[in-house]
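Coordinates from input.cif are shown below (mmCIF, C-alpha atoms).
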data_model
loop_
_atom_site.group_PDB
_atom_site.id
_atom_site.type_symbol
_atom_site.label_atom_id
_atom_site.label_comp_id
_atom_site.auth_asym_id
_atom_site.auth_seq_id
_atom_site.Cartn_x
_atom_site.Cartn_y
_atom_site.Cartn_z
ATOM 1 C CA MET A 14 100.522 87.072 150.844
ATOM 2 C CA GLU A 15 97.364 88.352 149.287
ATOM 3 C CA GLY A 16 97.109 91.947 148.197
ATOM 4 C CA VAL A 17 100.874 92.342 147.899
ATOM 5 C CA GLU A 18 101.880 93.452 144.446
ATOM 6 C CA LYS A 19 105.065 92.115 142.917
ATOM 7 C CA GLU A 20 107.501 94.547 141.405
ATOM 8 C CA VAL A 21 107.430 94.237 137.654
ATOM 9 C CA GLU A 22 110.953 93.690 136.356
ATOM 10 C CA VAL A 23 109.988 94.230 132.716
ATOM 11 C CA VAL A 24 110.242 97.970 133.324
ATOM 12 C CA HIS A 25 113.854 97.585 134.406
ATOM 13 C CA GLU A 26 114.640 95.322 131.455
ATOM 14 C CA GLY A 27 113.106 97.927 129.158
ATOM 15 C CA GLU A 28 115.311 100.614 130.631
ATOM 16 C CA ASP A 29 118.363 98.391 130.110
ATOM 17 C CA MET A 30 117.326 97.780 126.519
ATOM 18 C CA LEU A 31 116.951 101.512 125.972
ATOM 19 C CA GLU A 32 120.560 101.999 127.043
ATOM 20 C CA ASP A 33 121.621 99.411 124.428
ATOM 21 C CA VAL A 34 120.146 101.472 121.588
ATOM 22 C CA SER A 35 120.692 104.998 122.849
ATOM 23 C CA GLY A 36 122.230 107.063 120.097
ATOM 24 C CA GLU A 37 120.988 104.617 117.475
ATOM 25 C CA ILE A 38 117.438 105.968 117.331
ATOM 26 C CA LYS A 39 116.913 109.533 116.168
ATOM 27 C CA VAL A 40 113.606 111.353 116.681
ATOM 28 C CA GLU A 41 112.646 114.478 114.756
ATOM 29 C CA GLU A 42 109.438 116.403 115.305
ATOM 30 C CA GLU A 43 107.291 117.332 112.319
ATOM 31 C CA MET A 44 104.175 119.496 112.230
ATOM 32 C CA ILE A 45 101.194 117.677 110.728
ATOM 33 C CA GLY A 46 97.767 119.317 110.870
ATOM 34 C CA GLY A 47 98.954 121.704 113.567
ATOM 35 C CA TYR A 48 100.279 118.901 115.806
ATOM 36 C CA GLU A 49 103.832 117.884 116.544
ATOM 37 C CA CYS A 50 104.351 114.321 115.369
ATOM 38 C CA PRO A 51 107.552 112.343 115.910
ATOM 39 C CA ASN A 52 109.466 110.711 113.046
ATOM 40 C CA PHE A 53 111.707 107.878 114.190
ATOM 41 C CA PHE A 54 114.934 107.029 112.383
ATOM 42 C CA PHE A 55 116.768 103.811 113.277
ATOM 43 C CA SER A 56 120.395 102.933 112.698
ATOM 44 C CA GLU A 57 121.078 99.984 110.420
ATOM 45 C CA ALA A 58 122.167 97.909 113.440
ATOM 46 C CA VAL A 59 118.872 98.554 115.263
ATOM 47 C CA GLU A 60 116.829 97.782 112.144
ATOM 48 C CA LYS A 61 118.649 94.471 111.686
ATOM 49 C CA LYS A 62 118.090 93.617 115.344
ATOM 50 C CA ILE A 63 114.357 94.351 115.366
ATOM 51 C CA GLN A 64 113.810 92.653 111.987
ATOM 52 C CA LYS A 65 115.731 89.482 112.856
ATOM 53 C CA PRO A 66 112.723 87.516 114.236
ATOM 54 C CA GLY A 67 110.730 88.282 111.081
ATOM 55 C CA LYS A 68 113.333 86.681 108.827
ATOM 56 C CA ARG A 69 111.851 83.304 109.765
ATOM 57 C CA GLY A 70 108.301 84.559 109.401
ATOM 58 C CA ILE A 71 105.522 84.352 106.883
ATOM 59 C CA ILE A 72 102.369 86.401 106.484
ATOM 60 C CA PHE A 73 99.126 84.583 105.775
ATOM 61 C CA LYS A 74 95.462 85.276 105.305
ATOM 62 C CA LEU A 75 92.520 82.924 105.025
ATOM 63 C CA LEU A 76 90.322 83.668 102.069
ATOM 64 C CA VAL A 77 86.535 83.776 102.442
ATOM 65 C CA ARG A 78 86.099 82.811 106.095
ATOM 66 C CA ARG A 79 87.522 83.437 109.542
ATOM 67 C CA ILE A 80 88.540 80.631 111.866
ATOM 68 C CA GLY A 81 89.066 80.891 115.604
ATOM 69 C CA TYR A 82 92.628 81.586 116.696
ATOM 70 C CA LYS A 83 93.072 78.376 118.700
ATOM 71 C CA ALA A 84 91.566 76.153 115.974
ATOM 72 C CA LEU A 85 93.844 77.813 113.429
ATOM 73 C CA GLU A 86 96.902 77.381 115.659
ATOM 74 C CA ASN A 87 96.138 73.696 116.274
ATOM 75 C CA ARG A 88 95.589 72.957 112.587
ATOM 76 C CA LEU A 89 98.746 74.775 111.457
ATOM 77 C CA ASN A 90 100.733 72.992 114.136
ATOM 78 C CA LEU A 91 99.687 69.684 112.574
ATOM 79 C CA VAL A 92 100.601 70.607 108.991
ATOM 80 C CA TRP A 93 103.578 72.953 109.340
ATOM 81 C CA ILE A 94 105.752 71.919 112.254
ATOM 82 C CA ARG A 95 108.327 69.175 111.830
ATOM 83 C CA LYS A 96 111.425 70.279 113.756
ATOM 84 C CA GLY A 97 110.620 73.376 115.798
ATOM 85 C CA VAL A 98 107.757 75.493 117.066
ATOM 86 C CA PHE A 99 106.041 78.629 115.849
ATOM 87 C CA ASN A 100 104.265 81.643 117.211
ATOM 88 C CA ILE A 101 101.156 83.087 115.531
ATOM 89 C CA ILE A 102 100.524 86.810 115.840
ATOM 90 C CA ASN A 103 97.088 88.078 114.879
ATOM 91 C CA LEU A 104 97.530 91.233 112.783
ATOM 92 C CA ARG A 105 94.916 93.655 111.481
ATOM 93 C CA ASN A 106 92.677 93.067 108.427
ATOM 94 C CA ASP A 107 92.521 89.273 109.018
ATOM 95 C CA TYR A 108 96.241 88.786 108.416
ATOM 96 C CA TYR A 109 98.520 86.721 110.622
ATOM 97 C CA LEU A 110 102.275 86.553 111.092
ATOM 98 C CA VAL A 111 103.824 83.191 111.849
ATOM 99 C CA ALA A 112 107.341 83.246 113.278
ATOM 100 C CA PHE A 113 109.050 79.845 113.012
ATOM 101 C CA SER A 114 111.827 78.731 115.350
ATOM 102 C CA ASN A 115 113.224 76.483 112.625
ATOM 103 C CA GLU A 116 114.172 77.736 109.147
ATOM 104 C CA GLU A 117 113.374 74.344 107.549
ATOM 105 C CA ASP A 118 109.784 74.496 108.833
ATOM 106 C CA LYS A 119 109.371 77.961 107.315
ATOM 107 C CA ASN A 120 110.846 76.834 103.992
ATOM 108 C CA ALA A 121 108.538 73.799 103.905
ATOM 109 C CA ALA A 122 105.485 75.974 104.567
ATOM 110 C CA MET A 123 106.507 78.310 101.734
ATOM 111 C CA ALA A 124 107.461 75.557 99.273
ATOM 112 C CA ASN A 125 104.302 73.527 99.833
ATOM 113 C CA GLY A 126 102.170 76.655 99.534
ATOM 114 C CA HIS A 127 98.870 75.014 98.613
ATOM 115 C CA TRP A 128 97.344 75.112 102.037
ATOM 116 C CA PHE A 129 93.717 74.554 102.916
ATOM 117 C CA ILE A 130 92.560 74.944 106.488
ATOM 118 C CA TYR A 131 89.127 73.457 107.099
ATOM 119 C CA ASP A 132 88.403 73.682 103.341
ATOM 120 C CA HIS A 133 89.414 77.349 103.159
ATOM 121 C CA TYR A 134 92.336 78.525 101.078
ATOM 122 C CA LEU A 135 95.263 80.030 102.944
ATOM 123 C CA THR A 136 97.359 82.597 101.082
ATOM 124 C CA ILE A 137 100.935 82.912 102.258
ATOM 125 C CA LYS A 138 103.789 85.264 101.506
ATOM 126 C CA ASP A 139 107.237 85.838 102.870
ATOM 127 C CA TRP A 140 107.454 88.328 105.726
ATOM 128 C CA ARG A 141 108.741 91.757 104.758
ATOM 129 C CA PRO A 142 109.706 94.715 106.929
ATOM 130 C CA ASN A 143 107.059 97.368 107.573
ATOM 131 C CA PHE A 144 104.173 95.168 106.380
ATOM 132 C CA GLN A 145 100.903 97.133 106.665
ATOM 133 C CA PRO A 146 97.877 94.767 106.539
ATOM 134 C CA GLU A 147 95.374 97.559 105.854
ATOM 135 C CA ASN A 148 97.311 98.583 102.728
ATOM 136 C CA ASP A 149 97.858 95.057 101.424
ATOM 137 C CA SER A 150 95.702 93.395 98.821
ATOM 138 C CA ILE A 151 95.902 89.956 97.304
ATOM 139 C CA LYS A 152 96.639 90.411 93.622
ATOM 140 C CA GLU A 153 98.364 87.103 92.985
ATOM 141 C CA VAL A 154 97.750 83.660 94.387
ATOM 142 C CA ASP A 155 98.966 80.095 93.914
ATOM 143 C CA VAL A 156 96.045 77.738 93.316
ATOM 144 C CA TRP A 157 95.458 74.101 92.543
ATOM 145 C CA VAL A 158 93.516 73.716 89.324
ATOM 146 C CA ARG A 159 91.527 70.552 88.675
ATOM 147 C CA ILE A 160 90.766 69.735 85.047
ATOM 148 C CA THR A 161 88.301 66.920 84.408
ATOM 149 C CA GLY A 162 87.730 64.932 81.235
ATOM 150 C CA PHE A 163 91.404 64.939 80.282
ATOM 151 C CA PRO A 164 92.459 61.849 78.241
ATOM 152 C CA ILE A 165 95.009 59.744 80.132
ATOM 153 C CA GLU A 166 97.604 59.921 77.340
ATOM 154 C CA TYR A 167 98.001 63.656 78.080
ATOM 155 C CA TYR A 168 99.037 63.032 81.691
ATOM 156 C CA ASP A 169 102.597 63.958 80.781
ATOM 157 C CA PRO A 170 104.251 66.679 82.906
ATOM 158 C CA ARG A 171 105.532 68.619 79.869
ATOM 159 C CA ILE A 172 102.074 68.725 78.306
ATOM 160 C CA LEU A 173 100.399 69.596 81.619
ATOM 161 C CA TYR A 174 102.865 72.452 82.164
ATOM 162 C CA VAL A 175 101.786 73.918 78.814
ATOM 163 C CA PHE A 176 98.109 73.637 79.788
ATOM 164 C CA GLY A 177 98.796 75.190 83.202
ATOM 165 C CA ASN A 178 100.706 78.047 81.572
ATOM 166 C CA ARG A 179 97.551 78.977 79.655
ATOM 167 C CA ILE A 180 95.857 79.597 83.025
ATOM 168 C CA GLY A 181 98.798 81.288 84.736
ATOM 169 C CA ARG A 182 102.332 80.127 85.434
ATOM 170 C CA THR A 183 102.628 76.425 86.221
ATOM 171 C CA ILE A 184 104.510 75.724 89.437
ATOM 172 C CA LYS A 185 104.123 71.952 89.613
ATOM 173 C CA VAL A 186 101.935 69.031 88.669
ATOM 174 C CA ASP A 187 100.487 66.715 91.310
ATOM 175 C CA LYS A 188 102.492 63.475 91.774
ATOM 176 C CA THR A 189 99.429 61.238 91.502
ATOM 177 C CA THR A 190 98.622 62.911 88.182
ATOM 178 C CA ILE A 191 102.145 62.351 86.854
ATOM 179 C CA LYS A 192 102.122 58.720 88.008
ATOM 180 C CA GLN A 193 98.687 58.307 86.380
ATOM 181 C CA GLU A 194 97.295 56.880 89.631
ATOM 182 C CA ARG A 195 94.103 58.900 89.249
ATOM 183 C CA GLY A 196 92.366 59.325 85.902
ATOM 184 C CA LYS A 197 89.302 61.366 86.847
ATOM 185 C CA TYR A 198 91.122 64.696 86.700
ATOM 186 C CA VAL A 199 94.536 66.345 86.486
ATOM 187 C CA HIS A 200 95.820 68.503 89.306
ATOM 188 C CA ILE A 201 98.087 71.427 88.387
ATOM 189 C CA PHE A 202 99.469 74.024 90.808
ATOM 190 C CA VAL A 203 99.373 77.419 89.078
ATOM 191 C CA PHE A 204 100.373 80.977 89.983
ATOM 192 C CA VAL A 205 97.641 83.411 88.831
#

Turn this file's structure into structure tokens for me.
Amino acid sequence: MEGVEKEVEVVHEGEDMLEDVSGEIKVEEEMIGGYECPNFFFSEAVEKKIQKPGKRGIIFKLLVRRIGYKALENRLNLVWIRKGVFNIINLRNDYYLVAFSNEEDKNAAMANGHWFIYDHYLTIKDWRPNFQPENDSIKEVDVWVRITGFPIEYYDPRILYVFGNRIGRTIKVDKTTIKQERGKYVHIFVFV
């Protein structure tokens, strides 16, 4: 029937959820600038419960350029997902939260942290409670460094680690560099 509104059950679920945490959330009023402002205090059990989904999450930001949400989601789905699914949440200040359904997918995204999406570098960090995008700044980043004109006899991982450590802290050396499959340049992943 047209024009008939359905009763929204979310309200009832919300009320049921409120009963689950009653007594575990404390609210105290504080005067700030002449206005009463609430301060919320959560029990440890409630904090663990609300933070649980974030444990399999990462925070990321694209450097330099913005990409449409759907294009970003499609591209990340191709490179990050092997066993599960993920949900992208658009945060403020061009940050995103990705919540993975599978821990292995999250670990792979973190371990293989040299991500480029449409030729734009993607910075990633582990999710942390109370993350505030407007207060966050990127002070450190993992980057791939390409050094050209390097003699092939120096394509030894131990030597390349020393060179990378002069730039920052060497994380790894590209496999094709170690195998000497490419002699035009060396590729070193460095934390700076």

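Proximity ranking of A:Leu76, A:Asn148, A:Arg195, A:Asp155 relative to Asp132 in chain A places A:Leu76 first, based on all atoms listed in the file.
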
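With the shown file loaded, the PyMOL selection byres ((chain A and resi 113) around 8) picks out Arg69, Gly70, Gly97, Val98, Phe99, Asn100, Val111, Ala112, Ser114, Asn115, Glu116, Asp118 and Lys119 of chain A.
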
Requested in this report: For Phe73 in chain A, please output as an MDAnalysis selection string all residues within 9 Å (counting only C-alpha atoms; exclusion window: fewer than 4 positions along the same chain).
Outcome: chainID A and resid 107:111 135:139

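If only C-alpha atoms are the atoms counted, then among A:Pro170, A:Lys65, A:Phe129, A:Val59 the closest residue to Trp93 in chain A is A:Phe129.
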
Report task. Pick out the residues sitting within 10 Å of Lys197 in chain A, and hand them over as an MDAnalysis selection string; count only C-alpha atoms, and ignore anything fewer than 3 positions along from it in its own chain. Result -> chainID A and resid 159:165 190 193:194 200

Restricting it to C-alpha atoms, dump the selection as a PDB file, in the coordinates of the input.
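As a result, part.pdb now contains:
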ATOM      1  CA  ARG A 159      91.527  70.552  88.675  1.00  0.00           C
ATOM      2  CA  ILE A 160      90.766  69.735  85.047  1.00  0.00           C
ATOM      3  CA  THR A 161      88.301  66.920  84.408  1.00  0.00           C
ATOM      4  CA  GLY A 162      87.730  64.932  81.235  1.00  0.00           C
ATOM      5  CA  PHE A 163      91.404  64.939  80.282  1.00  0.00           C
ATOM      6  CA  PRO A 164      92.459  61.849  78.241  1.00  0.00           C
ATOM      7  CA  ILE A 165      95.009  59.744  80.132  1.00  0.00           C
ATOM      8  CA  THR A 190      98.622  62.911  88.182  1.00  0.00           C
ATOM      9  CA  GLN A 193      98.687  58.307  86.380  1.00  0.00           C
ATOM     10  CA  GLU A 194      97.295  56.880  89.631  1.00  0.00           C
ATOM     11  CA  HIS A 200      95.820  68.503  89.306  1.00  0.00           C
TER      12      HIS A 200
END

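The residue that comes closest to Phe176 in chain A, out of A:Phe202, A:Tyr48, A:Tyr131, A:Phe55 and on the basis of all atoms listed in the file, is A:Phe202.
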
Query - Near-Arg141 in chain A list (9 Å; only C-alpha atoms; drop same-chain fewer than 4 positions) as a PyMOL selection string - result: chain A and resi 64+67-68+70-72

Using C-alpha atoms, can you export the residues from the last selection as an mmCIF file, keeping the file's coordinate frame?
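Dumped to out-v8.cif:
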data_model
loop_
_atom_site.group_PDB
_atom_site.id
_atom_site.type_symbol
_atom_site.label_atom_id
_atom_site.label_comp_id
_atom_site.auth_asym_id
_atom_site.auth_seq_id
_atom_site.Cartn_x
_atom_site.Cartn_y
_atom_site.Cartn_z
ATOM 1 C CA GLN A 64 113.810 92.653 111.987
ATOM 2 C CA GLY A 67 110.730 88.282 111.081
ATOM 3 C CA LYS A 68 113.333 86.681 108.827
ATOM 4 C CA GLY A 70 108.301 84.559 109.401
ATOM 5 C CA ILE A 71 105.522 84.352 106.883
ATOM 6 C CA ILE A 72 102.369 86.401 106.484
#

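Note that the spacing between CA of Pro146 in chain A and CA of Phe53 in chain A amounts to 20.5 Å.
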
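The coordinates place CA of Gly181 in chain A at 10.0 Å from CA of Val154 in chain A.
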
Query raised in the report: Could you spell out the hits of the PyMOL selection byres ((chain A and resi 52) around 8) on the shown file, as a PyMOL selection string?
Result: chain A and resi 40-43+50-51+53-54

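For the atom pair formed by CA of Lys83 in chain A and CA of Ile101 in chain A, the distance is 9.9 Å, given to one decimal.
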
Centre and edge lengths of an axis-aligned box around all listed atoms of range 149-156 of chain A, with 3 Å added on each side, are to be given in Å to one decimal, as AutoDock Vina command-line options.
--center_x 97.3 --center_y 86.4 --center_z 97.2 --size_x 9.3 --size_y 23.3 --size_z 14.4

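Restricting the calculation to all atoms listed in the file, the smallest distance between Asn90 in chain A and any of A:Ile191, A:Leu75, A:Ala122, A:Lys62 is found for A:Ala122.
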
Query raised in the report: Neighbours of Glu153 in chain A within 8 Å (all atoms listed in the file; same-chain residues fewer than 2 positions away dropped), as number ranges by chain?
Result: A: 151, 155, 204-205

**Report entry** Within-10 Å shell of (94.3, 99.8, 110.3) in input frame, all atoms listed in the file, as a list in words
**Finding:** Leu104, Arg105, Asn106, Gln145, Pro146, Glu147 and Asn148 of chain A

Query raised in the report: Between A:Leu91, A:Met123, A:Ile80, A:Ile38, which one has atoms that come closest to Asn103 in chain A, using only C-alpha atoms?
Result: A:Ile80

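Counting all atoms listed in the file and comparing A:Glu60, A:Glu166, A:Glu117, A:Asp149, the residue that lies closest to Lys74 in chain A is A:Asp149.
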
Report task. Spell out the residues picked by the PyMOL selection byres ((chain A and resi 157) around 6) here, as a PyMOL selection string. Result -> chain A and resi 156+158+201-202

Please rebuild range 105-117 of chain A with N, CA and C atoms and give the result as a PDB file, in the coordinates of the input.
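Listed below is the output, out.pdb:
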ATOM      1  N   ARG A 105      96.158  93.016 111.913  1.00  0.00           N
ATOM      2  CA  ARG A 105      94.916  93.655 111.481  1.00  0.00           C
ATOM      3  C   ARG A 105      94.470  93.102 110.122  1.00  0.00           C
ATOM      4  N   ASN A 106      93.213  93.384 109.751  1.00  0.00           N
ATOM      5  CA  ASN A 106      92.677  93.067 108.427  1.00  0.00           C
ATOM      6  C   ASN A 106      92.722  91.567 108.125  1.00  0.00           C
ATOM      7  N   ASP A 107      92.552  90.731 109.138  1.00  0.00           N
ATOM      8  CA  ASP A 107      92.521  89.273 109.018  1.00  0.00           C
ATOM      9  C   ASP A 107      93.832  88.651 108.547  1.00  0.00           C
ATOM     10  N   TYR A 108      94.934  89.337 108.727  1.00  0.00           N
ATOM     11  CA  TYR A 108      96.241  88.786 108.416  1.00  0.00           C
ATOM     12  C   TYR A 108      96.872  88.249 109.696  1.00  0.00           C
ATOM     13  N   TYR A 109      97.777  87.306 109.513  1.00  0.00           N
ATOM     14  CA  TYR A 109      98.520  86.721 110.622  1.00  0.00           C
ATOM     15  C   TYR A 109      99.998  86.681 110.248  1.00  0.00           C
ATOM     16  N   LEU A 110     100.844  86.757 111.254  1.00  0.00           N
ATOM     17  CA  LEU A 110     102.275  86.553 111.092  1.00  0.00           C
ATOM     18  C   LEU A 110     102.622  85.288 111.855  1.00  0.00           C
ATOM     19  N   VAL A 111     103.339  84.393 111.190  1.00  0.00           N
ATOM     20  CA  VAL A 111     103.824  83.191 111.849  1.00  0.00           C
ATOM     21  C   VAL A 111     105.339  83.271 111.890  1.00  0.00           C
ATOM     22  N   ALA A 112     105.897  83.231 113.096  1.00  0.00           N
ATOM     23  CA  ALA A 112     107.341  83.246 113.278  1.00  0.00           C
ATOM     24  C   ALA A 112     107.776  81.828 113.661  1.00  0.00           C
ATOM     25  N   PHE A 113     108.585  81.213 112.802  1.00  0.00           N
ATOM     26  CA  PHE A 113     109.050  79.845 113.012  1.00  0.00           C
ATOM     27  C   PHE A 113     110.360  79.855 113.792  1.00  0.00           C
ATOM     28  N   SER A 114     110.553  78.861 114.649  1.00  0.00           N
ATOM     29  CA  SER A 114     111.827  78.731 115.350  1.00  0.00           C
ATOM     30  C   SER A 114     112.848  77.995 114.480  1.00  0.00           C
ATOM     31  N   ASN A 115     112.351  77.274 113.478  1.00  0.00           N
ATOM     32  CA  ASN A 115     113.224  76.483 112.625  1.00  0.00           C
ATOM     33  C   ASN A 115     113.078  76.926 111.168  1.00  0.00           C
ATOM     34  N   GLU A 116     114.167  77.254 110.534  1.00  0.00           N
ATOM     35  CA  GLU A 116     114.172  77.736 109.147  1.00  0.00           C
ATOM     36  C   GLU A 116     113.600  76.689 108.184  1.00  0.00           C
ATOM     37  N   GLU A 117     113.877  75.406 108.426  1.00  0.00           N
ATOM     38  CA  GLU A 117     113.374  74.344 107.549  1.00  0.00           C
ATOM     39  C   GLU A 117     111.843  74.277 107.572  1.00  0.00           C
TER      40      GLU A 117
END
